[in-house]
file start.csv (CSV, C-alpha atoms and all ligand atoms)
chain,number,residue,atom,x,y,z
D,279,MET,CA,43.9,-137.2,69.5
D,280,ARG,CA,42.3,-138.4,66.4
D,281,ARG,CA,45.3,-137.6,64.3
D,282,ARG,CA,47.6,-139.4,66.7
D,283,VAL,CA,45.6,-142.6,66.2
D,284,LEU,CA,45.6,-142.2,62.4
D,285,THR,CA,49.3,-141.5,62.4
D,286,ALA,CA,50.1,-144.6,64.4
D,287,ALA,CA,48.1,-146.6,61.9
D,288,VAL,CA,49.9,-145.2,58.9
D,289,VAL,CA,53.5,-145.6,60.1
D,290,PRO,CA,53.9,-149.3,59.3
D,291,LEU,CA,52.4,-148.9,55.9
D,292,LEU,CA,55.0,-146.2,55.0
D,293,GLY,CA,57.7,-148.7,55.5
D,294,LEU,CA,56.7,-150.7,52.4
D,295,PRO,CA,57.4,-148.1,49.6
D,296,LEU,CA,60.6,-147.0,51.4
D,297,ALA,CA,62.0,-150.5,51.4
D,298,ALA,CA,60.9,-151.0,47.8
D,299,CYS,CA,62.5,-147.8,46.8
D,300,SER,CA,65.9,-148.3,48.5
D,301,ALA,CA,66.0,-151.9,47.1
D,302,GLY,CA,65.1,-151.0,43.6
D,303,SER,CA,67.3,-149.2,41.1
D,304,PRO,CA,66.2,-145.8,39.8
D,305,GLY,CA,67.1,-147.0,36.3
D,306,ALA,CA,64.2,-146.9,33.8
D,307,ALA,CA,65.2,-150.4,32.6
D,308,GLN,CA,63.5,-152.0,35.6
D,309,PRO,CA,59.8,-151.3,35.5
D,310,ALA,CA,59.8,-151.7,39.3
D,311,PRO,CA,57.8,-154.5,40.9
D,312,PRO,CA,57.5,-152.7,44.2
D,313,SER,CA,55.1,-155.2,45.8
D,314,ALA,CA,57.4,-158.1,45.1
D,315,SER,CA,60.6,-156.5,46.5
D,316,ALA,CA,58.7,-155.0,49.4
D,317,SER,CA,57.1,-158.2,50.5
D,318,ALA,CA,60.4,-160.0,50.2
D,319,SER,CA,62.5,-157.5,52.1
D,320,VAL,CA,60.3,-156.1,54.8
D,321,PRO,CA,59.5,-159.3,56.8
D,322,ALA,CA,63.2,-160.3,56.5
D,323,ALA,CA,64.3,-157.0,57.9
D,324,ARG,CA,61.9,-157.3,60.8
D,325,VAL,CA,63.1,-160.7,61.6
D,326,ALA,CA,66.9,-160.0,61.2
D,327,ALA,CA,67.0,-156.7,63.0
D,328,PRO,CA,67.3,-157.2,66.8
D,329,SER,CA,66.5,-154.3,69.1
D,330,THR,CA,70.2,-153.7,69.7
D,331,ARG,CA,70.9,-152.7,66.1
D,332,PRO,CA,68.1,-150.8,64.4
D,333,THR,CA,68.1,-150.6,60.7
D,334,PRO,CA,69.2,-147.2,59.5
D,335,PRO,CA,66.3,-145.2,57.9
D,336,ALA,CA,66.1,-145.2,54.1
D,337,GLY,CA,66.9,-142.0,52.3
D,338,GLY,CA,69.1,-140.2,49.9
D,339,LYS,CA,71.5,-137.3,49.7
D,340,GLY,CA,70.5,-134.7,52.3
D,341,TRP,CA,67.5,-136.5,53.7
D,342,THR,CA,66.3,-139.7,55.4
D,343,SER,CA,62.8,-141.1,55.7
D,344,ARG,CA,62.7,-139.6,59.2
D,345,ASP,CA,62.6,-136.1,57.7
D,346,ILE,CA,59.3,-137.0,56.0
D,347,PRO,CA,56.2,-136.2,58.0
D,348,VAL,CA,53.5,-138.8,58.3
D,349,PHE,CA,50.1,-137.4,57.3
D,350,PRO,CA,46.6,-138.4,58.1
D,351,PRO,CA,44.9,-140.0,55.1
D,352,ALA,CA,43.4,-137.4,52.6
D,353,PRO,CA,39.6,-137.3,52.6
D,354,PRO,CA,37.8,-138.4,49.5
D,355,PRO,CA,38.1,-135.3,47.2
D,356,ALA,CA,35.1,-133.1,46.6
D,357,PRO,CA,35.7,-131.4,43.2
D,358,ILE,CA,34.8,-127.7,43.0
D,359,ALA,CA,32.4,-126.1,40.5
D,360,LEU,CA,34.0,-124.2,37.6
D,361,PRO,CA,32.3,-121.3,35.9
D,362,LYS,CA,31.1,-121.9,32.3
D,363,GLY,CA,32.1,-119.7,29.5
D,364,GLY,CA,34.8,-119.0,27.0
D,365,SER,CA,37.6,-118.5,29.6
D,366,VAL,CA,39.2,-120.6,32.3
D,367,PRO,CA,39.1,-119.4,35.9
D,368,TYR,CA,42.4,-118.2,37.4
D,369,LEU,CA,42.7,-119.7,40.9
D,370,SER,CA,45.3,-119.0,43.6
D,371,ARG,CA,43.7,-121.7,45.8
D,372,ILE,CA,41.0,-124.4,45.8
D,373,PRO,CA,37.9,-123.2,47.7
D,374,THR,CA,37.5,-126.1,50.0
D,375,ARG,CA,37.2,-126.7,53.7
D,376,GLN,CA,38.7,-130.2,53.5
D,377,PRO,CA,42.0,-130.5,55.4
D,378,VAL,CA,44.1,-130.6,52.3
D,379,ALA,CA,46.8,-128.6,50.5
D,380,PHE,CA,48.4,-128.9,47.1
D,381,ILE,CA,52.1,-129.1,46.1
D,382,THR,CA,53.0,-127.8,42.7
D,383,ILE,CA,56.5,-127.9,41.2
D,384,ASP,CA,57.3,-125.7,38.2
D,385,ASP,CA,59.5,-125.5,35.1
D,386,GLY,CA,61.8,-128.6,35.1
D,387,TYR,CA,65.2,-127.1,34.1
D,388,LEU,CA,67.1,-128.9,36.9
D,389,LYS,CA,66.5,-132.6,37.3
D,390,SER,CA,67.5,-133.5,40.9
D,391,PRO,CA,68.3,-137.2,41.2
D,392,GLU,CA,66.8,-137.0,44.7
D,393,ALA,CA,63.3,-136.1,43.5
D,394,PRO,CA,62.1,-139.5,42.3
D,395,LYS,CA,63.4,-141.1,45.5
D,396,LEU,CA,61.8,-138.4,47.7
D,397,LEU,CA,58.5,-138.6,46.0
D,398,ALA,CA,58.5,-142.4,46.3
D,399,ALA,CA,59.4,-142.1,50.0
D,400,ALA,CA,56.9,-139.4,50.8
D,401,GLY,CA,54.0,-141.1,48.9
D,402,VAL,CA,52.2,-137.8,48.3
D,403,PRO,CA,50.7,-136.5,45.0
D,404,VAL,CA,52.2,-133.5,43.3
D,405,THR,CA,51.4,-131.5,40.2
D,406,LEU,CA,54.2,-130.5,37.8
D,407,PHE,CA,53.7,-127.4,35.6
D,408,LEU,CA,56.4,-128.2,33.0
D,409,THR,CA,57.9,-125.9,30.4
D,410,THR,CA,58.5,-128.1,27.4
D,411,ASP,CA,61.8,-126.4,26.5
D,412,ALA,CA,63.0,-127.0,30.0
D,413,ILE,CA,62.4,-130.7,30.0
D,414,ARG,CA,63.6,-131.5,26.5
D,415,ASP,CA,67.0,-132.8,27.5
D,416,ASP,CA,65.6,-135.5,29.7
D,417,GLU,CA,61.9,-136.2,29.2
D,418,PRO,CA,62.2,-139.8,30.7
D,419,TYR,CA,63.1,-138.2,34.1
D,420,PHE,CA,59.6,-137.0,34.4
D,421,ASP,CA,58.2,-140.5,33.7
D,422,ARG,CA,60.0,-141.6,36.9
D,423,LEU,CA,58.2,-138.8,38.8
D,424,ARG,CA,54.9,-139.8,37.3
D,425,ARG,CA,55.4,-143.4,38.6
D,426,HIS,CA,55.6,-141.9,42.1
D,427,GLY,CA,52.5,-139.7,42.1
D,428,ALA,CA,53.3,-136.7,39.9
D,429,VAL,CA,50.8,-135.4,37.4
D,430,ILE,CA,52.1,-133.3,34.5
D,431,GLU,CA,50.4,-130.1,33.5
D,432,ALA,CA,51.3,-127.2,31.1
D,433,HIS,CA,53.5,-124.2,31.6
D,434,THR,CA,54.2,-123.0,28.0
D,435,ILE,CA,56.9,-123.9,25.5
D,436,THR,CA,59.5,-121.2,26.2
D,437,HIS,CA,58.6,-119.8,29.6
D,438,THR,CA,57.9,-116.4,28.2
D,439,GLU,CA,55.7,-113.8,29.7
D,440,LEU,CA,52.2,-114.1,28.1
D,441,ARG,CA,50.5,-110.9,29.4
D,442,GLY,CA,50.0,-108.3,26.7
D,443,LYS,CA,50.8,-110.7,23.8
D,444,SER,CA,48.5,-111.5,20.9
D,445,TYR,CA,45.9,-114.3,21.1
D,446,ALA,CA,47.9,-116.3,18.4
D,447,PHE,CA,51.1,-116.0,20.4
D,448,GLN,CA,49.6,-117.1,23.7
D,449,ARG,CA,47.6,-119.9,22.1
D,450,HIS,CA,50.7,-121.2,20.5
D,451,GLU,CA,52.6,-121.3,23.8
D,452,ILE,CA,49.7,-122.9,25.7
D,453,CYS,CA,48.4,-125.3,23.1
D,454,GLY,CA,51.9,-126.2,21.9
D,455,SER,CA,53.1,-127.2,25.3
D,456,ALA,CA,49.9,-129.1,26.1
D,457,ASP,CA,50.1,-131.0,22.8
D,458,ARG,CA,53.8,-131.9,23.3
D,459,LEU,CA,53.2,-133.1,26.9
D,460,GLY,CA,50.2,-135.0,25.9
D,461,ALA,CA,52.1,-136.8,23.1
D,462,ARG,CA,55.1,-137.5,25.3
D,463,TYR,CA,53.3,-138.6,28.5
D,464,GLN,CA,50.1,-140.1,27.1
D,465,ARG,CA,47.9,-137.6,29.0
D,466,ARG,CA,47.1,-134.2,27.7
D,467,PRO,CA,47.3,-131.5,30.4
D,468,VAL,CA,44.0,-130.0,31.6
D,469,LEU,CA,45.6,-127.4,34.0
D,470,PHE,CA,47.8,-124.5,33.2
D,471,ARG,CA,50.1,-122.0,35.0
D,472,PRO,CA,51.3,-118.9,33.2
D,473,PRO,CA,55.0,-118.2,33.6
D,474,PHE,CA,55.7,-115.7,36.4
D,475,GLY,CA,52.0,-115.9,37.3
D,476,THR,CA,51.3,-113.1,34.9
D,477,ARG,CA,48.3,-113.3,32.6
D,478,ASP,CA,45.6,-111.2,31.0
D,479,ALA,CA,42.1,-112.0,29.7
D,480,THR,CA,43.6,-113.3,26.4
D,481,THR,CA,45.6,-115.9,28.4
D,482,LEU,CA,42.5,-117.3,30.0
D,483,ARG,CA,40.6,-117.4,26.7
D,484,ALA,CA,43.5,-119.0,24.9
D,485,ALA,CA,43.9,-121.6,27.7
D,486,HIS,CA,40.2,-122.4,27.4
D,487,ASP,CA,40.5,-122.9,23.6
D,488,CYS,CA,43.5,-125.2,24.2
D,489,GLY,CA,41.3,-127.5,26.3
D,490,ILE,CA,42.5,-126.3,29.7
D,491,LYS,CA,40.0,-126.3,32.5
D,492,ALA,CA,41.6,-123.9,35.0
D,493,ALA,CA,44.7,-121.8,35.4
D,494,PHE,CA,46.6,-121.4,38.7
D,495,MET,CA,48.5,-119.0,40.8
D,496,TRP,CA,49.6,-120.0,44.3
D,497,THR,CA,49.3,-119.1,47.9
D,498,GLU,CA,52.7,-120.1,49.2
D,499,THR,CA,56.2,-120.3,47.7
D,500,VAL,CA,59.2,-122.3,48.8
D,501,HIS,CA,62.7,-121.3,48.0
D,502,LYS,CA,66.0,-122.5,49.7
D,503,GLY,CA,64.0,-124.4,52.3
D,504,LYS,CA,61.9,-121.4,53.4
D,505,VAL,CA,58.2,-121.1,53.0
D,506,ARG,CA,56.8,-117.7,52.1
D,507,TYR,CA,53.1,-117.0,52.8
D,508,GLN,CA,51.0,-114.7,50.7
D,509,GLU,CA,48.9,-114.2,53.8
D,510,GLY,CA,49.2,-115.3,57.4
D,511,ARG,CA,51.8,-117.7,58.7
D,512,ARG,CA,50.1,-121.0,58.2
D,513,VAL,CA,49.0,-123.2,55.2
D,514,LYS,CA,45.2,-123.1,55.0
D,515,PRO,CA,42.8,-125.7,53.6
D,516,GLY,CA,42.9,-125.5,49.8
D,517,ASP,CA,46.2,-123.6,49.6
D,518,ILE,CA,48.5,-124.2,46.7
D,519,ILE,CA,52.3,-124.3,47.4
D,520,LEU,CA,54.7,-123.4,44.6
D,521,MET,CA,58.2,-124.7,44.4
D,522,HIS,CA,60.6,-125.3,41.5
D,523,PHE,CA,63.1,-127.9,40.2
D,524,ARG,CA,66.0,-126.0,41.7
D,525,PRO,CA,69.3,-127.0,43.5
D,526,ALA,CA,67.5,-126.9,46.9
D,527,PHE,CA,64.9,-129.4,45.7
D,528,VAL,CA,65.3,-131.6,48.8
D,529,LYS,CA,65.1,-128.8,51.3
D,530,ASP,CA,62.2,-127.1,49.4
D,531,PHE,CA,60.1,-130.3,49.2
D,532,LEU,CA,60.7,-131.2,52.9
D,533,ALA,CA,59.8,-127.6,53.9
D,534,ALA,CA,56.6,-127.8,51.9
D,535,LEU,CA,55.7,-131.1,53.6
D,536,ARG,CA,56.5,-129.8,57.0
D,537,ALA,CA,54.4,-126.7,56.5
D,538,ILE,CA,51.4,-128.7,55.4
D,539,HIS,CA,51.9,-131.1,58.3
D,540,ARG,CA,52.2,-128.3,60.9
D,541,ALA,CA,48.9,-126.9,59.7
D,542,GLY,CA,47.2,-130.3,60.3
D,543,LEU,CA,46.6,-130.8,56.6
D,544,THR,CA,47.4,-133.6,54.1
D,545,PRO,CA,48.8,-133.2,50.6
D,546,ALA,CA,46.2,-133.9,48.0
D,547,LEU,CA,46.1,-133.9,44.2
D,548,LEU,CA,45.0,-130.7,42.5
D,549,GLU,CA,43.5,-132.5,39.6
D,550,ASP,CA,41.1,-134.4,41.9
D,551,TYR,CA,39.4,-131.1,42.8
D,552,ILE,CA,38.7,-130.1,39.2
D,553,PRO,CA,35.6,-131.7,37.8
D,554,GLY,CA,36.2,-134.2,35.0
D,601,ZN,ZN,57.9,-121.1,35.7

call {"tool": "encode", "arguments": {"input": "start.csv", "output": "structure tokens"}}
result
Amino acid sequence: MRRRVLTAAVVPLLGLPLAACSAGSPGAAQPAPPSASASASVPAARVAAPSTRPTPPAGGKGWTSRDIPVFPPAPPPAPIALPKGGSVPYLSRIPTRQPVAFITIDDGYLKSPEAPKLLAAAGVPVTLFLTTDAIRDDEPYFDRLRRHGAVIEAHTITHTELRGKSYAFQRHEICGSADRLGARYQRRPVLFRPPFGTRDATTLRAAHDCGIKAAFMWTETVHKGKVRYQEGRRVKPGDIILMHFRPAFVKDFLAALRAIHRAGLTPALLEDYIPG
């Protein structure tokens, strides 16, 4: 009942970023004045659209705004406590009872043109664990994602397996990627995900020494539109969903959103749950 009320309240608001998105060009040359184009286009559309000819929903290749669930607002985030010491914790989920889950998107090899539009339309935060070698050919692409709620974190330079490697090797991969991302995107990463989710004690020590606060596994993965659960068949509060920049980006992202929505949860930003 409560959710239904909240949903109804959110629907009209969602129209604004959609209208702004479809009106604006994805080109980086326009620094996007969304409020201006939204306020100009939305009332006009409402006046001009009689009930006999509804305006088609905004969208892109393989999706429309109707595919995007409407979520209840996320609660104010309550950051977790992190253990002190010379290593970072390795977490597969955020220990919280708040009705939230986290979407993370890894690597960055394939730059789907739909991703910026989808993120803009969905209006949900995501965390990107980017490999610097993977994004080198189009770093501005990720600026566009940042403008729509993405936060960039570290995922090594070369996407190599870290486990079993020397401290110097691991430190170079972690610090090197964090330094590069910090210089390019004006925010140095504070979170880290080791490639393949494999790590050892040296990884967590090197990450700590690189200024990282926590390293992450995941609880669900999405591939080709299918959600795979580590345990159970439902996203739980605090769960972390992993997907990649792959050809099925649209299907994967929508599947992640639907799984979170079906569980009665709202996407929240992982960084908001890590103490500052
Ligand atoms: Zn990866």

call {"tool": "closest_residue", "arguments": {"input": "start.csv", "among": "D:Asp550, D:Asp415, D:Asp385, D:Asp457", "to": "ligand ZN 601 (chain D)", "atoms": "all atoms listed in the file"}}
result
D:Asp385

call {"tool": "closest_atom_pairs", "arguments": {"input": "start.csv", "of": "chain D", "to": "ligand ZN 601 (chain D)", "cutoff": "8 Å", "atoms": "all atoms listed in the file", "output": "JSON lines"}}
result
{"residue": "D:Asp384", "atom": "CA", "partner": "D:ZN601", "partner_atom": "ZN", "distance": 5.3}
{"residue": "D:Asp385", "atom": "CA", "partner": "D:ZN601", "partner_atom": "ZN", "distance": 4.7}
{"residue": "D:Phe407", "atom": "CA", "partner": "D:ZN601", "partner_atom": "ZN", "distance": 7.6}
{"residue": "D:Leu408", "atom": "CA", "partner": "D:ZN601", "partner_atom": "ZN", "distance": 7.7}
{"residue": "D:Thr409", "atom": "CA", "partner": "D:ZN601", "partner_atom": "ZN", "distance": 7.2}
{"residue": "D:His433", "atom": "CA", "partner": "D:ZN601", "partner_atom": "ZN", "distance": 6.8}
{"residue": "D:His437", "atom": "CA", "partner": "D:ZN601", "partner_atom": "ZN", "distance": 6.3}
{"residue": "D:Arg471", "atom": "CA", "partner": "D:ZN601", "partner_atom": "ZN", "distance": 7.9}
{"residue": "D:Pro472", "atom": "CA", "partner": "D:ZN601", "partner_atom": "ZN", "distance": 7.4}
{"residue": "D:Pro473", "atom": "CA", "partner": "D:ZN601", "partner_atom": "ZN", "distance": 4.6}
{"residue": "D:Phe474", "atom": "CA", "partner": "D:ZN601", "partner_atom": "ZN", "distance": 5.9}
{"residue": "D:His522", "atom": "CA", "partner": "D:ZN601", "partner_atom": "ZN", "distance": 7.7}

call {"tool": "atom_distance", "arguments": {"input": "start.csv", "atom1": "atom CA of D:Lys502", "atom2": "atom CA of D:Pro525"}}
result
8.3 Å

call {"tool": "atom_distance", "arguments": {"input": "start.csv", "atom1": "atom CA of D:Asp421", "atom2": "atom CA of D:Ala546"}}
result
19.8 Å

call {"tool": "atom_distance", "arguments": {"input": "start.csv", "atom1": "atom CA of D:Ala537", "atom2": "atom CA of D:Thr410"}}
result
29.4 Å

call {"tool": "residues_around", "arguments": {"input": "start.csv", "residues": "stretch 388-395 of chain D", "least_positions_apart": "5", "cutoff": "6 Å", "atoms": "all atoms listed in the file", "output": "list of chain:residue names"}}
result
D:Leu423, D:Phe523, D:Arg524

call {"tool": "decode", "arguments": {"input": "start.csv", "residues": "stretch 486-514 of chain D", "atoms": "N, CA and C atoms", "output": "tab-separated table (two decimals), in the first residue's frame"}}
result
chain	number	residue	atom	x	y	z
D	486	HIS	N	44.79	-0.84	0.69
D	486	HIS	CA	44.82	0.11	1.80
D	486	HIS	C	45.89	1.17	1.60
D	487	ASP	N	47.07	0.72	1.19
D	487	ASP	CA	48.19	1.66	1.01
D	487	ASP	C	47.99	2.58	-0.19
D	488	CYS	N	47.08	2.22	-1.06
D	488	CYS	CA	46.75	3.07	-2.22
D	488	CYS	C	45.60	4.05	-1.90
D	489	GLY	N	45.17	4.09	-0.64
D	489	GLY	CA	44.12	5.03	-0.26
D	489	GLY	C	42.71	4.50	-0.48
D	490	ILE	N	42.61	3.20	-0.71
D	490	ILE	CA	41.28	2.58	-0.89
D	490	ILE	C	40.68	2.28	0.48
D	491	LYS	N	39.36	2.42	0.60
D	491	LYS	CA	38.69	2.18	1.89
D	491	LYS	C	38.10	0.78	1.99
D	492	ALA	N	37.65	0.23	0.87
D	492	ALA	CA	37.03	-1.11	0.91
D	492	ALA	C	37.11	-1.73	-0.47
D	493	ALA	N	37.19	-3.07	-0.49
D	493	ALA	CA	37.20	-3.81	-1.75
D	493	ALA	C	35.93	-4.66	-1.81
D	494	PHE	N	35.48	-4.95	-3.04
D	494	PHE	CA	34.16	-5.54	-3.19
D	494	PHE	C	34.11	-6.75	-4.10
D	495	MET	N	33.36	-7.74	-3.65
D	495	MET	CA	32.87	-8.86	-4.45
D	495	MET	C	31.48	-8.47	-4.92
D	496	TRP	N	30.55	-9.41	-4.93
D	496	TRP	CA	29.18	-9.15	-5.34
D	496	TRP	C	28.31	-10.28	-4.82
D	497	THR	N	27.00	-10.07	-4.89
D	497	THR	CA	26.06	-11.12	-4.48
D	497	THR	C	25.22	-11.63	-5.65
D	498	GLU	N	25.06	-10.80	-6.69
D	498	GLU	CA	24.36	-11.25	-7.90
D	498	GLU	C	25.16	-10.80	-9.12
D	499	THR	N	25.06	-11.60	-10.19
D	499	THR	CA	25.63	-11.17	-11.46
D	499	THR	C	24.51	-11.14	-12.51
D	500	VAL	N	24.68	-10.29	-13.51
D	500	VAL	CA	23.72	-10.23	-14.62
D	500	VAL	C	24.49	-10.42	-15.92
D	501	HIS	N	24.02	-11.34	-16.74
D	501	HIS	CA	24.66	-11.59	-18.03
D	501	HIS	C	23.59	-12.01	-19.03
D	502	LYS	N	23.59	-11.37	-20.20
D	502	LYS	CA	22.60	-11.64	-21.25
D	502	LYS	C	21.18	-11.56	-20.69
D	503	GLY	N	20.95	-10.59	-19.84
D	503	GLY	CA	19.61	-10.33	-19.33
D	503	GLY	C	19.15	-11.26	-18.23
D	504	LYS	N	20.05	-12.12	-17.76
D	504	LYS	CA	19.65	-13.07	-16.72
D	504	LYS	C	20.40	-12.78	-15.42
D	505	VAL	N	19.65	-12.72	-14.32
D	505	VAL	CA	20.25	-12.47	-13.01
D	505	VAL	C	20.60	-13.81	-12.36
D	506	ARG	N	21.83	-13.94	-11.90
D	506	ARG	CA	22.23	-15.16	-11.18
D	506	ARG	C	22.52	-14.80	-9.73
D	507	TYR	N	21.90	-15.57	-8.85
D	507	TYR	CA	21.99	-15.27	-7.42
D	507	TYR	C	23.02	-16.18	-6.75
D	508	GLN	N	23.86	-15.61	-5.91
D	508	GLN	CA	24.80	-16.42	-5.14
D	508	GLN	C	24.05	-17.28	-4.14
D	509	GLU	N	22.98	-16.68	-3.58
D	509	GLU	CA	22.13	-17.47	-2.68
D	509	GLU	C	20.69	-16.99	-2.80
D	510	GLY	N	19.75	-17.94	-2.71
D	510	GLY	CA	18.33	-17.59	-2.81
D	510	GLY	C	17.95	-17.18	-4.22
D	511	ARG	N	16.75	-16.57	-4.32
D	511	ARG	CA	16.26	-16.19	-5.64
D	511	ARG	C	15.71	-14.78	-5.63
D	512	ARG	N	16.28	-13.99	-4.75
D	512	ARG	CA	15.74	-12.65	-4.60
D	512	ARG	C	16.87	-11.73	-4.15
D	513	VAL	N	16.86	-10.50	-4.63
D	513	VAL	CA	17.84	-9.52	-4.16
D	513	VAL	C	17.48	-9.14	-2.73
D	514	LYS	N	18.47	-9.10	-1.86
D	514	LYS	CA	18.22	-8.78	-0.46
D	514	LYS	C	18.81	-7.40	-0.13
